[in-house]
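Okay, so here's the structure we're looking at.
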Amino acid sequence: MTTTAYRASILHSVADPAEVGVEQSYQYFEDGILLVEDGKVARLGHAAELLPQLGGVEVVEYRDALITPGFIDTHIHYPQTGMIASYGEQLLDWLNTYTFPTEKQFADPAHAADVAGIFLKELLRNGTTTALVFGSVHPQSVDALFGAAEKLDLRLIAGKVMMDRNAPDYLTDTAESSYRDSKALIERWHGKGRLLYAVTPRFAPTSTPEQLDAAGRLLREHPGVYLHTHLSENRKEIEWVKELFPERSGYLDVYDHHGLLGARSVFAHGVHLCDGECQRLAETGSAVAFCPTSNLFLGSGLFDLAKLEKHKVKVGLGTDVGAGTSFSQLQSLNEAYKVMQLQGIKLDPFKSLYLATLGGARALELQDKVGSFARGNEADFVVLDYKATPLLDYRLRQAKSLEEKLFALIILGDDRAVRATYAHGRAVHQRG
């Protein structure tokens with residue numbers, strides 16, 4: 001068993017501020033110790049109390065730094081890494097102009113492996129240690145990503161896209177082939193190390209009812225796997241769903257009818273949800289991924305976090321790269337604050353911390369493994385550098401409270417603020 005202590009300022013969420021109030025939602029240690037044994041959190045506390053008890057344990061000290069749990073990305077597309085920052089479309093045109101031609105390349109296993117390596121490096125460079133990831137329609141895209149993540153011992157959830165209509169012929173599968181390929185991937189990867197599988201129909205318009213039935217069948221046959229898809233991102237998309245599924249009462253009802261709602265179901269975006277849909281999501285324990293940078297970039301609309309909180313829907317934070325404009329969850333929170341301001345609501349920085357860590361873990365039903373420094377959790381954490389840039393350093397020296405410091409870090413921080421990233425107690429990124 002290996003044991004290491006990490007000393008710095010330490011902050012983590014212990015509850016949702018919307019449920020317990022801000023002051024009861026976090027723990028903070030100005031001079032703290034995080035003790036890691038064999039990749040798990042063993043103890044957390046004030047350095048003055050724990051240092052005399054450590055004996056000969058190695059102490060790694062980070063000065064002018066804040067340790068938080070690793071960030072959790074609840075919606076991202078790894079095949080779209082190469083098309084991030086592409087100009088000038090809304091959702092449906094975006095797919096045809098950029099996404100589908102880019103994803104065609106993942107038929108080549110060597111290309112998939114190259115992009116998987118770049119993608120994981122970007123996640124870790126930005127402090128993200130857990131992610132729920134779209135592959136492409138090609139099974140080899142998922143094999144490449146899981147293979148690379150396994151070598152790094154990452155907590156990763158991913159799946160092969162299921163798409164049997166309304167897409168180019170070179171990207172479509174069938175209801176039966178998508179079932180067969182997904183089943184084989186589940187058997188090969190789900191539960192291997194820290195890897196988990198997500199059944200991944202792209203969105204209702206690109207799946208026939210038969211394929212959505214196949215997705216539901218996979219969920220029933222393999223308890224513990226996830227469902228990952230898109231929901232109510234764009235108004236034209238919603239109208240298209242009504243045309244394709246006239247017998248259903250709404251977008252969410254399409255998924256509900258095919259048995260796709262549940263505690264491990266994550267629906268990306270949810271920008272245009274009615275109260276009834278929010279209530280149904282809450283009843284089934286389903287989660288929604290809030291993706292502020294992509295919703296703004298594609299002009300999809302403003303996410304109504306207050307409505308989902310009212311109905312007690314689980315919410316995580318997603319970058320949605322490549323429509324999303326940054327791998328950084330700090331930058332996602334920067335944009336999330338602006339989304340809320342446009343609705344006349346202030347997003348508290350401790351709520352932001354919750355969304356990027358424990359909130360994401362709860363959305364993924366992983367709160368007993370990641371998202372906080374609860375004893376026994378996997379030791380995934382990020383070291384944020386207070387002096388990462390001259391401006392950040394100067395601004396933080398003016399801060400008079402932890403709240404002010406955290407907010408400035410969110411607004412001014414990006415990948416440069418990440419000094420180190422640890423997964424399962426092992427350093428997987430160190431800033432040069």
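Residue numbering restarts at 1 in every chain; chains get A, B, ... in the order shown in the structure tokens, and ligands count up from 1 in that same order.
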
(Q) Based on the backbone DSSP call, show me all residues of region 157-354 of chain A assigned helix (DSSP H, G or I), as number ranges by chain. (A) A: 169-171, 175-189, 204-206, 209-221, 235-244, 251-257, 275-284, 292-297, 305-310, 329-341, 349-354

Q.
I want to know what sits within 7 Å of region 330-337 of chain A, based on only C-alpha atoms, with residues of the same chain fewer than 5 positions away left out; could you give that as a PyMOL selection string?
A. chain A and resi 292-293+319+347+352+410-411+413-414

Could I get the residues of region 176-275 of chain A with an atom no further than 12 Å from an atom of region 310-316 of chain A, each paired with its nearest atom pair and that distance in Å to one decimal, using only C-alpha atoms, sorted by chain and residue number, as a Markdown table?
```
| residue | atom | partner | partner_atom | distance |
| --- | --- | --- | --- | --- |
| A:Gly262 | CA | A:Lys314 | CA | 11.5 |
| A:Ala263 | CA | A:Lys314 | CA | 9.5 |
| A:Arg264 | CA | A:Lys314 | CA | 10.6 |
| A:Ser265 | CA | A:Lys314 | CA | 10.4 |
| A:Val266 | CA | A:Gly316 | CA | 9.0 |
| A:Phe267 | CA | A:Val315 | CA | 9.6 |
| A:Ala268 | CA | A:Gly316 | CA | 9.4 |
| A:His269 | CA | A:Val315 | CA | 10.0 |
| A:Gly270 | CA | A:Val315 | CA | 10.1 |
| A:Leu273 | CA | A:His311 | CA | 11.6 |
| A:Cys274 | CA | A:His311 | CA | 10.8 |
| A:Asp275 | CA | A:His311 | CA | 7.9 |
```

Q | Interatomic distance, CA of Leu355 (chain A) to CA of Gln27 (chain A) (Å, one decimal) | A | 15.4 Å

Q. Could you pull out all residues of region 142-362 of chain A with a DSSP call of strand (DSSP E) and give them as a count of residues only?
A. 33

Q.
For a test of reading the model, state the distance in Å between CA of Phe407 (chain A) and CA of Thr68 (chain A), rounded to one decimal.
A.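 Separation of CA of Phe407 (chain A) and CA of Thr68 (chain A): 14.1 Å.
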
**Q.** Polymer residues at most 6 Å from Phe71 (chain A), only C-alpha atoms, same-chain spacing of 5 or more positions, as an NGL selection string
**A.** :A and (127-129 or 356-357)

Q: Write out as a PyMOL selection string which residues come within 7 Å of region 133-147 of chain A when counting only C-alpha atoms, dropping same-chain ones fewer than 5 positions away.
A: chain A and resi 75-79+103+106-107+109+112-113+116+157-162+171+181

Selected residues written out with N, CA and C atoms, as a short mmCIF file (atom, residue, chain, number, x, y, z; two decimals), in the first residue's frame:
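Done, and the output landed in part12.cif:
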```cif
data_model
loop_
_atom_site.label_atom_id
_atom_site.label_comp_id
_atom_site.auth_asym_id
_atom_site.auth_seq_id
_atom_site.Cartn_x
_atom_site.Cartn_y
_atom_site.Cartn_z
N HIS A 75 -20.96 15.68 -20.25
CA HIS A 75 -21.32 15.56 -21.67
C HIS A 75 -20.23 16.15 -22.54
N ILE A 76 -19.61 15.28 -23.37
CA ILE A 76 -18.53 15.72 -24.26
C ILE A 76 -18.42 14.70 -25.40
N HIS A 77 -17.98 15.18 -26.59
CA HIS A 77 -17.82 14.34 -27.78
C HIS A 77 -16.34 14.25 -28.13
N TYR A 78 -15.73 13.10 -27.94
CA TYR A 78 -14.30 13.06 -28.24
C TYR A 78 -14.00 13.10 -29.74
N PRO A 79 -14.86 12.55 -30.64
CA PRO A 79 -14.53 12.67 -32.06
C PRO A 79 -14.56 14.10 -32.58
N GLU A 103 -16.64 12.97 -38.06
CA GLU A 103 -16.77 11.64 -37.44
C GLU A 103 -16.52 10.51 -38.43
N PHE A 106 -13.33 8.34 -38.13
CA PHE A 106 -13.10 7.40 -37.04
C PHE A 106 -13.34 5.95 -37.44
N ALA A 107 -13.62 5.75 -38.72
CA ALA A 107 -13.61 4.38 -39.24
C ALA A 107 -12.19 3.82 -39.22
N PRO A 109 -9.00 2.99 -37.27
CA PRO A 109 -8.59 2.81 -35.87
C PRO A 109 -7.37 3.65 -35.49
N ALA A 112 -8.57 7.11 -34.78
CA ALA A 112 -9.29 7.11 -33.50
C ALA A 112 -8.31 7.10 -32.33
N ALA A 113 -7.26 6.30 -32.43
CA ALA A 113 -6.27 6.21 -31.36
C ALA A 113 -5.54 7.53 -31.18
N ALA A 116 -7.96 9.98 -29.54
CA ALA A 116 -8.20 9.58 -28.14
C ALA A 116 -7.08 10.07 -27.24
N ILE A 157 -16.68 7.06 -18.75
CA ILE A 157 -17.90 6.42 -19.26
C ILE A 157 -18.03 6.80 -20.72
N ALA A 158 -18.23 5.84 -21.61
CA ALA A 158 -18.31 6.16 -23.04
C ALA A 158 -19.17 5.13 -23.75
N GLY A 159 -19.54 5.48 -24.98
CA GLY A 159 -20.34 4.55 -25.77
C GLY A 159 -20.29 4.86 -27.25
N LYS A 160 -20.62 3.85 -28.03
CA LYS A 160 -20.73 3.95 -29.49
C LYS A 160 -22.04 4.63 -29.85
N VAL A 161 -21.99 5.60 -30.74
CA VAL A 161 -23.20 6.25 -31.21
C VAL A 161 -24.07 5.25 -31.95
N MET A 162 -25.38 5.30 -31.67
CA MET A 162 -26.38 4.52 -32.40
C MET A 162 -27.14 5.51 -33.29
N LEU A 171 -22.27 6.93 -42.04
CA LEU A 171 -22.30 6.98 -40.57
C LEU A 171 -23.48 6.23 -39.96
N ASP A 181 -23.22 -4.47 -31.78
CA ASP A 181 -21.93 -3.83 -31.52
C ASP A 181 -21.85 -3.26 -30.10
#
```

**Q.** Using only C-alpha atoms: which of A:Pro349, A:Gly371, A:Gly432, A:Gly193 has the shortest distance to Ile72 (chain A)
**A.** A:Gly371

Q.
Quick one: residues within 9 Å of Glu58 (chain A), only C-alpha atoms, excluding same-chain residues fewer than 2 positions away - as a list in words?
A. Thr3, Thr4, Ala5, Tyr6, Leu54, Gly55, Gly56 and Val60 of chain A

Q: Could you tell me which of A:Gly82, A:Gly45, A:Gly250, A:Gly322 comes closest to Phe29 (chain A) if we count only C-alpha atoms?
A: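 Distance minimum relative to Phe29 (chain A) lands on A:Gly45.
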
Q: Considering only C-alpha atoms, return as a PyMOL selection string whatever protein or nucleic-acid residues lie within 12 Å of Pro390 (chain A), sequence-local ones (same chain, fewer than 4 positions apart) excluded.
A: chain A and resi 385-386+394-397+412-413+416-417

Write to file, as an mmCIF file, in the first residue's frame, the residues of the selection just made, with C-alpha atoms.
```cif
data_model
loop_
_atom_site.group_PDB
_atom_site.id
_atom_site.type_symbol
_atom_site.label_atom_id
_atom_site.label_comp_id
_atom_site.auth_asym_id
_atom_site.auth_seq_id
_atom_site.Cartn_x
_atom_site.Cartn_y
_atom_site.Cartn_z
ATOM 1 C CA ASP A 385 -2.479 27.497 -9.002
ATOM 2 C CA TYR A 386 -3.311 30.874 -7.447
ATOM 3 C CA TYR A 394 -2.951 40.137 -8.641
ATOM 4 C CA ARG A 395 -6.721 39.690 -8.424
ATOM 5 C CA LEU A 396 -6.544 36.974 -5.770
ATOM 6 C CA ARG A 397 -4.303 39.146 -3.599
ATOM 7 C CA LEU A 412 -10.188 34.196 -14.770
ATOM 8 C CA GLY A 413 -9.061 30.564 -14.669
ATOM 9 C CA ARG A 416 -3.183 27.525 -17.108
ATOM 10 C CA ALA A 417 -4.622 27.421 -13.586
#
```

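Counting only C-alpha atoms and comparing A:Glu187, A:Asp169, A:Glu30, A:Glu150, the residue that lies closest to His46 (chain A) is A:Glu30.
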
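Considering only C-alpha atoms, the residue among A:Leu302, A:Leu132, A:Leu353, A:Leu35 positioned nearest to Tyr226 (chain A) is A:Leu132.
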
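You can rank A:Gly425, A:Gly216, A:Gly359, A:Gly324 by their closest distance to Ala379 (chain A) using only C-alpha atoms, and at the top of that list sits A:Gly425.
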
Q.
Env of Leu51 (chain A): 10 Å cut, atoms = only C-alpha atoms, seq-sep filter 6 positions within chain, self excluded. Answer as an MDAnalysis selection string.
A. chainID A and resid 5 7 32:33 45 57 59
